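Q: Sharing entry_6.txt, compact mmCIF, C-alpha atoms and all ligand atoms:
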# COMPACT_ATOMS: atom_id res chain seq x y z
CA MET U 1 -149.82 -61.66 17.36
CA HIS U 2 -153.47 -61.64 18.29
CA GLU U 3 -153.13 -62.59 21.94
CA LEU U 4 -153.80 -58.99 22.96
CA SER U 5 -157.20 -58.88 21.27
CA LEU U 6 -158.07 -62.23 22.86
CA VAL U 7 -157.03 -60.93 26.27
CA ALA U 8 -159.23 -57.87 25.72
CA ASP U 9 -162.20 -60.17 25.09
CA LEU U 10 -161.20 -62.22 28.14
CA PHE U 11 -161.31 -59.10 30.32
CA THR U 12 -164.75 -58.17 29.05
CA ILE U 13 -165.96 -61.53 30.37
CA ILE U 14 -163.99 -61.21 33.62
CA GLU U 15 -165.43 -57.78 34.44
CA GLU U 16 -168.94 -58.89 33.60
CA GLN U 17 -168.72 -62.04 35.72
CA ALA U 18 -167.00 -60.29 38.61
CA SER U 19 -169.56 -57.53 38.80
CA ARG U 20 -172.44 -59.98 38.58
CA ALA U 21 -170.96 -61.96 41.48
CA GLY U 22 -170.32 -58.80 43.50
CA ALA U 23 -166.57 -59.41 43.57
CA LYS U 24 -164.25 -56.80 45.03
CA ARG U 25 -161.29 -58.43 43.44
CA VAL U 26 -160.34 -61.24 41.12
CA THR U 27 -157.35 -63.18 42.43
CA LYS U 28 -157.02 -65.99 39.94
CA VAL U 29 -158.05 -66.52 36.32
CA SER U 30 -158.09 -70.04 34.86
CA VAL U 31 -158.11 -70.35 31.11
CA SER U 32 -158.04 -73.49 29.00
CA VAL U 33 -156.15 -73.25 25.73
CA GLY U 34 -156.52 -75.75 22.91
CA GLU U 35 -153.19 -76.85 21.46
CA LEU U 36 -154.58 -75.78 18.10
CA ALA U 37 -156.23 -72.55 19.21
CA GLY U 38 -153.48 -70.49 17.62
CA VAL U 39 -152.48 -69.07 20.99
CA VAL U 40 -148.87 -68.82 22.11
CA PRO U 41 -149.01 -69.27 25.91
CA GLU U 42 -146.07 -66.92 26.62
CA LEU U 43 -147.59 -64.16 24.50
CA PHE U 44 -150.97 -64.68 26.13
CA ARG U 45 -149.36 -64.42 29.57
CA SER U 46 -147.50 -61.22 28.82
CA ALA U 47 -150.61 -59.68 27.22
CA PHE U 48 -152.53 -60.65 30.38
CA GLN U 49 -149.93 -59.10 32.67
CA SER U 50 -149.99 -55.77 30.87
CA TYR U 51 -153.77 -55.69 30.37
CA LYS U 52 -154.67 -56.45 33.99
CA LYS U 53 -153.23 -53.21 35.37
CA GLY U 54 -155.92 -50.99 36.80
CA THR U 55 -158.65 -53.63 36.36
CA ILE U 56 -160.47 -55.65 39.00
CA ALA U 57 -157.98 -58.43 38.27
CA ASP U 58 -154.98 -56.20 38.96
CA LYS U 59 -153.31 -58.75 41.23
CA ALA U 60 -154.71 -61.88 39.63
CA ARG U 61 -152.65 -64.91 38.75
CA LEU U 62 -153.24 -66.49 35.38
CA GLN U 63 -153.48 -70.24 35.16
CA LEU U 64 -153.31 -71.72 31.67
CA LYS U 65 -154.41 -75.28 31.10
CA MET U 66 -153.45 -76.72 27.73
CA VAL U 67 -156.10 -78.91 26.09
CA LYS U 68 -155.00 -81.72 23.83
CA ILE U 69 -156.09 -82.07 20.24
CA LYS U 70 -158.73 -84.72 19.70
CA PHE U 71 -159.99 -86.29 16.49
CA LYS U 72 -162.99 -88.53 16.02
CA CYS U 73 -163.19 -91.02 13.19
CA ARG U 74 -166.22 -90.31 11.01
CA ASN U 75 -166.24 -93.95 9.98
CA CYS U 76 -166.04 -95.90 13.27
CA GLY U 77 -166.25 -93.26 16.00
CA HIS U 78 -162.83 -94.01 17.46
CA GLU U 79 -161.25 -91.04 19.27
CA LEU U 80 -157.62 -90.12 18.93
CA THR U 81 -155.86 -87.71 21.26
CA THR U 82 -152.57 -86.01 20.53
CA ARG U 83 -150.48 -83.23 21.96
CA ASN U 84 -148.93 -82.04 18.78
CA ILE U 85 -150.07 -82.77 15.28
CA MET U 86 -146.92 -81.16 13.92
CA ASP U 87 -144.87 -84.12 15.15
CA GLU U 88 -143.44 -85.95 12.17
CA SER U 89 -144.81 -89.21 13.54
CA PHE U 90 -148.39 -88.00 13.74
CA SER U 91 -150.71 -89.49 11.17
CA TYR U 92 -154.24 -88.37 10.41
CA VAL U 93 -155.38 -91.95 9.95
CA CYS U 94 -157.76 -93.75 12.30
CA PRO U 95 -155.72 -96.31 14.27
CA ALA U 96 -158.81 -98.46 14.74
CA CYS U 97 -160.17 -98.80 11.21
CA GLY U 98 -157.67 -97.10 8.91
CA SER U 99 -160.15 -94.47 7.70
CA LYS U 100 -158.66 -91.15 6.66
CA ASP U 101 -161.79 -89.25 7.52
CA MET U 102 -160.99 -87.81 10.93
CA GLU U 103 -162.93 -84.89 12.36
CA LEU U 104 -161.24 -82.48 14.74
CA ILE U 105 -163.42 -82.38 17.87
CA ALA U 106 -161.22 -80.67 20.46
CA GLY U 107 -158.18 -78.46 20.60
CA ARG U 108 -159.35 -75.27 18.92
CA ASP U 109 -161.12 -73.76 21.91
CA LEU U 110 -160.17 -71.00 24.27
CA TYR U 111 -162.28 -70.89 27.41
CA LEU U 112 -162.42 -68.91 30.60
CA GLU U 113 -162.94 -71.85 32.95
CA LYS U 114 -163.13 -70.22 36.38
CA LEU U 115 -162.29 -67.24 38.48
CA GLU U 116 -161.20 -66.95 42.07
CA ILE U 117 -162.78 -63.88 43.58
CA GLU U 118 -162.86 -61.97 46.85
CA THR U 119 -166.21 -60.69 47.96
CA MET O 120 -164.58 -56.83 57.78
CA GLY O 121 -163.18 -60.18 56.69
CA LYS O 122 -162.84 -60.92 53.05
CA GLU O 123 -164.11 -64.10 51.60
CA THR O 124 -162.47 -65.96 48.74
CA LYS O 125 -164.52 -68.13 46.50
CA GLU O 126 -164.33 -69.92 43.22
CA LEU O 127 -166.62 -68.97 40.38
CA LEU O 128 -167.21 -71.50 37.63
CA VAL O 129 -167.53 -69.57 34.37
CA LEU O 130 -166.97 -71.79 31.30
CA GLU O 131 -167.25 -69.03 28.76
CA ASP O 132 -165.80 -69.10 25.25
CA ILE O 133 -163.29 -66.26 24.85
CA LEU O 134 -163.84 -66.37 21.10
CA GLY O 135 -167.58 -66.32 21.76
CA SER O 136 -168.16 -62.67 20.96
CA ASN O 137 -166.43 -63.09 17.59
CA LYS O 138 -168.44 -66.23 16.87
CA LYS O 139 -171.69 -64.49 17.71
CA ILE O 140 -171.01 -61.58 15.37
CA ALA O 141 -169.83 -63.98 12.67
CA SER O 142 -173.06 -65.98 12.93
CA SER O 143 -175.20 -62.92 12.48
CA ILE O 144 -173.13 -61.85 9.46
CA ARG O 145 -173.45 -65.35 8.00
CA LYS O 146 -177.20 -65.29 8.51
CA LYS O 147 -177.60 -61.96 6.68
CA LEU O 148 -175.33 -63.03 3.82
CA THR O 149 -177.11 -66.34 3.43
CA GLU O 150 -180.52 -64.68 3.45
CA ASN O 151 -179.33 -62.39 0.68
CA GLY O 152 -177.94 -65.33 -1.28
CA ILE O 153 -174.39 -64.01 -1.13
CA LEU O 154 -171.52 -66.49 -1.18
CA ALA O 155 -168.82 -65.07 1.11
CA ILE O 156 -165.32 -66.45 0.65
CA ASN O 157 -162.50 -65.92 3.15
CA LEU O 158 -158.99 -66.15 1.63
CA LEU O 159 -156.12 -67.18 3.88
CA SER O 160 -152.44 -67.30 3.01
CA ALA O 161 -148.99 -66.08 3.85
CA PRO O 162 -148.18 -62.54 2.65
CA GLY O 163 -147.36 -62.42 -1.05
CA SER O 164 -148.94 -65.76 -1.94
CA GLY O 165 -150.98 -64.13 -4.67
CA LYS O 166 -154.38 -63.48 -3.07
CA THR O 167 -154.89 -60.06 -4.62
CA SER O 168 -153.60 -61.22 -8.02
CA LEU O 169 -155.97 -64.18 -7.97
CA LEU O 170 -158.90 -61.93 -7.05
CA GLU O 171 -158.07 -59.49 -9.84
CA LYS O 172 -158.15 -62.33 -12.36
CA ILE O 173 -161.03 -64.39 -11.04
CA GLY O 174 -163.01 -61.17 -10.56
CA GLN O 175 -162.54 -60.29 -14.23
CA LYS O 176 -163.87 -63.69 -15.17
CA LEU O 177 -166.89 -63.70 -12.92
CA LYS O 178 -167.94 -60.08 -13.20
CA ASN O 179 -169.66 -60.41 -16.58
CA LYS O 180 -172.22 -62.78 -15.19
CA HIS O 181 -172.17 -61.93 -11.49
CA LYS O 182 -172.11 -59.07 -9.06
CA ILE O 183 -168.92 -59.14 -7.06
CA GLY O 184 -167.53 -57.29 -4.06
CA VAL O 185 -164.15 -57.55 -2.39
CA ILE O 186 -163.19 -56.76 1.19
CA GLU O 187 -159.48 -56.18 1.61
CA GLY O 188 -157.89 -56.75 4.98
CA ASP O 189 -154.51 -55.15 5.51
CA ILE O 190 -152.47 -54.05 8.45
CA GLU O 191 -152.01 -50.47 7.22
CA THR O 192 -152.39 -49.56 3.56
CA GLU O 193 -155.23 -49.19 1.01
CA ARG O 194 -153.05 -50.60 -1.77
CA ASP O 195 -154.85 -53.86 -2.38
CA ALA O 196 -158.28 -52.21 -2.48
CA ASP O 197 -156.91 -49.79 -5.10
CA ARG O 198 -155.66 -52.70 -7.18
CA ILE O 199 -159.07 -54.38 -7.04
CA ARG O 200 -160.85 -51.13 -8.02
CA LYS O 201 -158.48 -50.77 -10.97
CA ALA O 202 -159.59 -54.24 -12.01
CA GLY O 203 -163.12 -52.84 -12.17
CA LEU O 204 -164.52 -54.35 -8.99
CA PRO O 205 -165.93 -52.61 -5.93
CA ALA O 206 -163.64 -52.94 -2.93
CA TRP O 207 -163.81 -52.02 0.74
CA GLN O 208 -160.65 -51.71 2.76
CA ILE O 209 -160.36 -52.74 6.38
CA THR O 210 -157.10 -51.65 7.98
CA THR O 211 -156.45 -53.56 11.17
CA HIS O 212 -153.83 -51.13 12.56
CA GLY O 213 -151.38 -53.77 13.56
CA ALA O 214 -153.65 -56.75 14.08
CA CYS O 215 -152.53 -59.83 12.19
CA HIS O 216 -156.02 -61.01 11.21
CA LEU O 217 -159.54 -59.84 10.46
CA GLU O 218 -162.23 -60.22 13.11
CA ALA O 219 -165.96 -60.42 12.60
CA LYS O 220 -166.52 -57.11 14.40
CA MET O 221 -164.31 -55.33 11.83
CA LEU O 222 -166.58 -56.65 9.09
CA ALA O 223 -169.66 -55.68 11.05
CA GLN O 224 -168.44 -52.07 11.06
CA ILE O 225 -168.48 -51.82 7.27
CA PHE O 226 -171.32 -54.24 6.65
CA ASP O 227 -173.84 -51.50 5.83
CA GLN O 228 -171.76 -50.50 2.82
CA ILE O 229 -171.97 -53.96 1.25
CA PRO O 230 -174.75 -54.11 -1.37
CA ALA O 231 -177.37 -56.73 -0.53
CA ASP O 232 -177.59 -57.92 -4.14
CA LEU O 233 -174.06 -59.25 -4.49
CA ASP O 234 -173.43 -62.78 -5.72
CA PHE O 235 -169.88 -63.19 -4.45
CA LEU O 236 -168.21 -61.41 -1.56
CA PHE O 237 -164.49 -62.14 -1.44
CA ILE O 238 -162.67 -61.35 1.78
CA GLU O 239 -158.89 -61.12 1.49
CA ASN O 240 -157.61 -61.72 5.00
CA VAL O 241 -154.39 -60.24 6.36
CA GLY O 242 -151.38 -62.15 5.00
CA ASN O 243 -150.73 -64.70 7.73
CA LEU O 244 -151.31 -68.43 7.81
CA VAL O 245 -151.75 -68.72 11.58
CA CYS O 246 -153.96 -66.14 13.29
CA PRO O 247 -156.76 -65.66 10.71
CA ALA O 248 -157.58 -69.37 10.99
CA SER O 249 -159.00 -68.85 14.50
CA PHE O 250 -161.47 -66.14 13.53
CA ASP O 251 -164.74 -66.95 11.84
CA LEU O 252 -165.85 -64.00 9.71
CA GLY O 253 -169.24 -65.38 8.77
CA GLU O 254 -167.99 -66.74 5.46
CA SER O 255 -169.48 -69.84 3.88
CA LEU O 256 -166.30 -70.89 2.14
CA ARG O 257 -162.72 -70.68 3.27
CA ILE O 258 -159.88 -70.94 0.78
CA VAL O 259 -156.28 -71.51 1.82
CA LEU O 260 -153.64 -70.54 -0.73
CA VAL O 261 -150.08 -71.81 -1.03
CA SER O 262 -147.77 -70.32 -3.63
CA THR O 263 -145.13 -72.48 -5.25
CA PRO O 264 -142.14 -70.30 -4.15
CA GLU O 265 -143.15 -70.75 -0.49
CA GLY O 266 -142.13 -74.37 -0.45
CA ASP O 267 -144.04 -77.60 -0.22
CA ASP O 268 -143.98 -78.11 3.55
CA LYS O 269 -146.78 -75.73 4.48
CA PRO O 270 -149.77 -77.96 5.32
CA LYS O 271 -148.28 -79.77 8.30
CA LYS O 272 -146.73 -76.56 9.61
CA TYR O 273 -150.04 -74.70 9.62
CA PRO O 274 -152.65 -77.41 10.16
CA GLU O 275 -155.43 -75.18 11.49
CA ALA O 276 -155.67 -73.24 8.23
CA PHE O 277 -155.98 -76.49 6.28
CA ILE O 278 -158.40 -78.14 8.70
CA THR O 279 -160.79 -75.18 8.63
CA SER O 280 -160.71 -74.59 4.85
CA GLN O 281 -162.80 -76.29 2.17
CA VAL O 282 -160.59 -75.34 -0.75
CA LEU O 283 -156.84 -75.37 -1.37
CA VAL O 284 -155.53 -73.19 -4.19
CA LEU O 285 -151.94 -73.63 -5.30
CA THR O 286 -150.86 -70.34 -6.84
CA LYS O 287 -148.02 -69.26 -9.16
CA CYS O 288 -147.94 -72.67 -10.85
CA ASP O 289 -146.31 -70.97 -13.87
CA LEU O 290 -143.12 -71.00 -11.76
CA LEU O 291 -143.11 -74.77 -11.23
CA PRO O 292 -140.41 -75.48 -13.85
CA TYR O 293 -137.99 -73.30 -11.90
CA LEU O 294 -138.71 -74.43 -8.36
CA PRO O 295 -138.06 -77.51 -6.25
CA PHE O 296 -141.76 -77.59 -5.40
CA ASP O 297 -143.37 -81.00 -5.14
CA THR O 298 -147.02 -80.45 -6.04
CA ASP O 299 -147.99 -84.03 -5.26
CA ARG O 300 -146.42 -83.82 -1.81
CA VAL O 301 -148.34 -80.68 -0.88
CA ILE O 302 -151.62 -82.09 -2.10
CA LYS O 303 -151.01 -85.39 -0.35
CA GLU O 304 -150.17 -83.71 2.97
CA ALA O 305 -153.09 -81.32 2.70
CA LEU O 306 -155.51 -84.16 2.01
CA GLU O 307 -154.11 -86.14 4.91
CA ILE O 308 -155.01 -83.23 7.16
CA ASN O 309 -158.35 -82.61 5.51
CA PRO O 310 -159.56 -85.22 3.01
CA HIS O 311 -162.50 -82.99 2.03
CA LEU O 312 -160.36 -80.23 0.51
CA LYS O 313 -161.03 -79.35 -3.15
CA VAL O 314 -157.70 -78.61 -4.80
CA PHE O 315 -156.98 -76.20 -7.68
CA LYS O 316 -153.65 -75.53 -9.39
CA THR O 317 -153.62 -71.97 -10.66
CA SER O 318 -151.53 -69.16 -12.04
CA ALA O 319 -152.66 -65.56 -12.19
CA THR O 320 -149.92 -64.98 -14.76
CA SER O 321 -150.74 -67.73 -17.27
CA GLY O 322 -154.41 -68.07 -16.36
CA GLU O 323 -154.04 -71.77 -15.61
CA GLY O 324 -156.80 -73.21 -13.46
CA LEU O 325 -158.84 -70.01 -13.23
CA ASP O 326 -161.72 -71.32 -15.35
CA GLU O 327 -161.95 -74.41 -13.16
CA LEU O 328 -161.89 -72.38 -9.96
CA GLY O 329 -164.47 -69.94 -11.36
CA ALA O 330 -166.76 -72.79 -12.39
CA PHE O 331 -166.43 -74.36 -8.95
CA LEU O 332 -167.39 -71.09 -7.24
CA GLU O 333 -170.41 -70.66 -9.54
CA ALA O 334 -171.53 -74.20 -8.76
CA GLU O 335 -171.16 -73.55 -5.02
CA LEU O 336 -173.23 -70.38 -5.33
CA LYS O 337 -175.96 -72.20 -7.19
CA GLN O 338 -176.02 -75.13 -4.80
CA ARG O 339 -176.13 -72.96 -1.68
CA ARG O 340 -178.91 -70.82 -3.12
CA SER O 341 -181.01 -73.83 -3.96
CA GLN O 342 -180.55 -75.07 -0.38
CA HIS O 343 -181.88 -71.79 0.94
CA ALA O 344 -184.63 -71.20 -1.58
N1 LIG Z 401 -145.10 -65.68 -11.37
C1 LIG Z 401 -146.23 -65.37 -10.73
N2 LIG Z 401 -146.23 -64.33 -9.86
C2 LIG Z 401 -147.39 -64.03 -9.23
C3 LIG Z 401 -148.58 -64.76 -9.47
N3 LIG Z 401 -149.56 -64.25 -8.70
C4 LIG Z 401 -149.00 -63.23 -8.00
N4 LIG Z 401 -147.69 -63.08 -8.33
C5 LIG Z 401 -146.76 -62.09 -7.79
O1 LIG Z 401 -146.57 -62.30 -6.40
C6 LIG Z 401 -146.48 -61.07 -5.70
C7 LIG Z 401 -147.51 -61.00 -4.60
O2 LIG Z 401 -148.81 -61.10 -5.13
P1 LIG Z 401 -150.11 -60.53 -4.41
O3 LIG Z 401 -151.26 -60.88 -5.25
O4 LIG Z 401 -149.92 -59.10 -4.06
O5 LIG Z 401 -150.09 -61.42 -3.08
P2 LIG Z 401 -150.95 -61.25 -1.71
O6 LIG Z 401 -150.06 -60.57 -0.73
O7 LIG Z 401 -151.27 -62.65 -1.28
O8 LIG Z 401 -152.17 -60.47 -2.04
C8 LIG Z 401 -146.68 -59.98 -6.75
O9 LIG Z 401 -145.43 -59.49 -7.13
C9 LIG Z 401 -147.35 -60.70 -7.90
O10 LIG Z 401 -147.06 -60.12 -9.14
C10 LIG Z 401 -148.54 -65.84 -10.41
O11 LIG Z 401 -149.53 -66.55 -10.67
N5 LIG Z 401 -147.33 -66.09 -11.01
MG MG Z 402 -152.93 -58.75 -1.08
ZN ZN Z 403 -162.09 -95.40 12.49
Could you spell out this file's structure in structure tokens?

A:
Amino acid sequence: MHELSLVADLFTIIEEQASRAGAKRVTKVSVSVGELAGVVPELFRSAFQSYKKGTIADKARLQLKMVKIKFKCRNCGHELTTRNIMDESFSYVCPACGSKDMELIAGRDLYLEKLEIET
Amino acid sequence: MGKETKELLVLEDILGSNKKIASSIRKKLTENGILAINLLSAPGSGKTSLLEKIGQKLKNKHKIGVIEGDIETERDADRIRKAGLPAWQITTHGACHLEAKMLAQIFDQIPADLDFLFIENVGNLVCPASFDLGESLRIVLVSTPEGDDKPKKYPEAFITSQVLVLTKCDLLPYLPFDTDRVIKEALEINPHLKVFKTSATSGEGLDELGAFLEAELKQRRSQHA
């Protein structure tokens, strides 16, 4: 369970951004979560709810946007998008050229996308 | 006074502060010619046992240090010291993984003239995979009693590692563990993985792994000379 330490880092960014923008309050926090970022959305939400108390984002809603996993073939450049690589049917083979050399290019990131603030 | 609501575009990496610290650690280690190796596995897969043995092998020719990550105890660091190697313990107090900032806190204690710095992560095949520690090599370990279905269950650990070490291979005759299946699945996920079959008990595969690490050290140093 490392969602709490991620949420702590998230709040460092929120407070910094909010103060720079002169916000009185943060009302919405939008975060994008890669399917392979090792984040359990429910745990992230509950960590967010307990961490926000007493902060500038006390009443903020959390919006989580899941980001699909994307591979790029190192041989032909073809891109392959998937929701879940744990599916039995998923194969790490390029559907365009059959190469097995696929590079993971998206799905591991965790980003604070935007904030809704009151000034 | 009316309040005004507006949207603020941020686009900031929440793992960014960890990545930044990890990069500065990596830079210092690389400048000092130290090969840092992050070991990831489930609890009990044999990380400490492997380090005890591989450390014994490498310590005659090389200067070695070990960082031990554990949730609470100092036990693993004690084991490593008993094996004659310097060890630094990081207790995470509940956290399921090491973070770069935890390493940064003890970094001053690490001698600058080491050859190898092994980092035993907290036993967990999920969370540690997301945190760069500034290592130059990541090893994922799977022990034969754990079962042969690990790679596809924990893809991030296998995608982000360069080396797969199968441990406790002395137990293979007693277990329904399909070595070929694990290796095949792991290579499907990451065709660049180097694979070693080892046993800390019988010593199988340790010379090969040791030789590989020495070659990596040499190659990385020549790149940075
Ligand atoms: N049979 C066998 N047991 C091993 C081997 N390596 C470790 N063990 C045992 O597995 C248990 C966990 O090992 P340890 O090194 O502490 O695992 P860690 O939690 O990953 O550091 C201990 O009881 C070890 O004695 C091995 O190569 N063969
Ligand atoms: Mg251990
Ligand atoms: Zn292709």

Q: Report as a PyMOL selection string the set of chain U residues whose atoms approach chain O to within 8 Å, with distances computed over only C-alpha atoms.

A: chain U and resi 1-2+6+9-10+13+17+36-38+85-86+91-93+100-102+104+108-119

Q: May I ask you to write as a short mmCIF file (atom, residue, chain, number, x, y, z; two decimals) with C-alpha atoms, in the coordinates of the input all residues lying at most 12 Å from ligand MG 402 (chain Z), with all atoms listed in the file counted?

A:
data_model
loop_
_atom_site.label_atom_id
_atom_site.label_comp_id
_atom_site.auth_asym_id
_atom_site.auth_seq_id
_atom_site.Cartn_x
_atom_site.Cartn_y
_atom_site.Cartn_z
CA LEU O 158 -158.99 -66.15 1.63
CA LEU O 159 -156.12 -67.18 3.88
CA SER O 160 -152.44 -67.30 3.01
CA ALA O 161 -148.99 -66.08 3.85
CA PRO O 162 -148.18 -62.54 2.65
CA GLY O 163 -147.36 -62.42 -1.05
CA SER O 164 -148.94 -65.76 -1.94
CA GLY O 165 -150.98 -64.13 -4.67
CA LYS O 166 -154.38 -63.48 -3.07
CA THR O 167 -154.89 -60.06 -4.62
CA SER O 168 -153.60 -61.22 -8.02
CA LEU O 169 -155.97 -64.18 -7.97
CA LEU O 170 -158.90 -61.93 -7.05
CA GLU O 171 -158.07 -59.49 -9.84
CA VAL O 185 -164.15 -57.55 -2.39
CA ILE O 186 -163.19 -56.76 1.19
CA GLU O 187 -159.48 -56.18 1.61
CA GLY O 188 -157.89 -56.75 4.98
CA ASP O 189 -154.51 -55.15 5.51
CA ILE O 190 -152.47 -54.05 8.45
CA GLU O 191 -152.01 -50.47 7.22
CA THR O 192 -152.39 -49.56 3.56
CA GLU O 193 -155.23 -49.19 1.01
CA ARG O 194 -153.05 -50.60 -1.77
CA ASP O 195 -154.85 -53.86 -2.38
CA ALA O 196 -158.28 -52.21 -2.48
CA ASP O 197 -156.91 -49.79 -5.10
CA ARG O 198 -155.66 -52.70 -7.18
CA ILE O 199 -159.07 -54.38 -7.04
CA GLN O 208 -160.65 -51.71 2.76
CA ILE O 238 -162.67 -61.35 1.78
CA GLU O 239 -158.89 -61.12 1.49
CA ASN O 240 -157.61 -61.72 5.00
CA VAL O 241 -154.39 -60.24 6.36
CA GLY O 242 -151.38 -62.15 5.00
CA ASN O 243 -150.73 -64.70 7.73
CA LEU O 260 -153.64 -70.54 -0.73
#

Q: If I take CA of Ala57 (chain U) and CA of Arg25 (chain U), how far is one from the other in Å, to one decimal?

A: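 Taking CA of Ala57 (chain U) as the start and CA of Arg25 (chain U) as the end point, the length is 6.1 Å.
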
Q: Write out as a short mmCIF file (atom, residue, chain, number, x, y, z; two decimals) with C-alpha atoms, in the frame of the given file each polymer residue (protein, DNA or RNA) that has an atom no more than 6 Å from ligand ZN 403 (chain Z), with only C-alpha atoms and all ligand atoms counted.

A:
data_model
loop_
_atom_site.label_atom_id
_atom_site.label_comp_id
_atom_site.auth_asym_id
_atom_site.auth_seq_id
_atom_site.Cartn_x
_atom_site.Cartn_y
_atom_site.Cartn_z
CA CYS U 73 -163.19 -91.02 13.19
CA ASN U 75 -166.24 -93.95 9.98
CA CYS U 76 -166.04 -95.90 13.27
CA GLY U 77 -166.25 -93.26 16.00
CA HIS U 78 -162.83 -94.01 17.46
CA CYS U 94 -157.76 -93.75 12.30
CA ALA U 96 -158.81 -98.46 14.74
CA CYS U 97 -160.17 -98.80 11.21
CA GLY U 98 -157.67 -97.10 8.91
CA SER U 99 -160.15 -94.47 7.70
#

Q: Looking at O:Asp289, O:Asp251, O:Asp232, O:Glu265, which one is nearest to ligand LIG 401 (chain Z), with distances taken over all atoms listed in the file?

A: O:Asp289
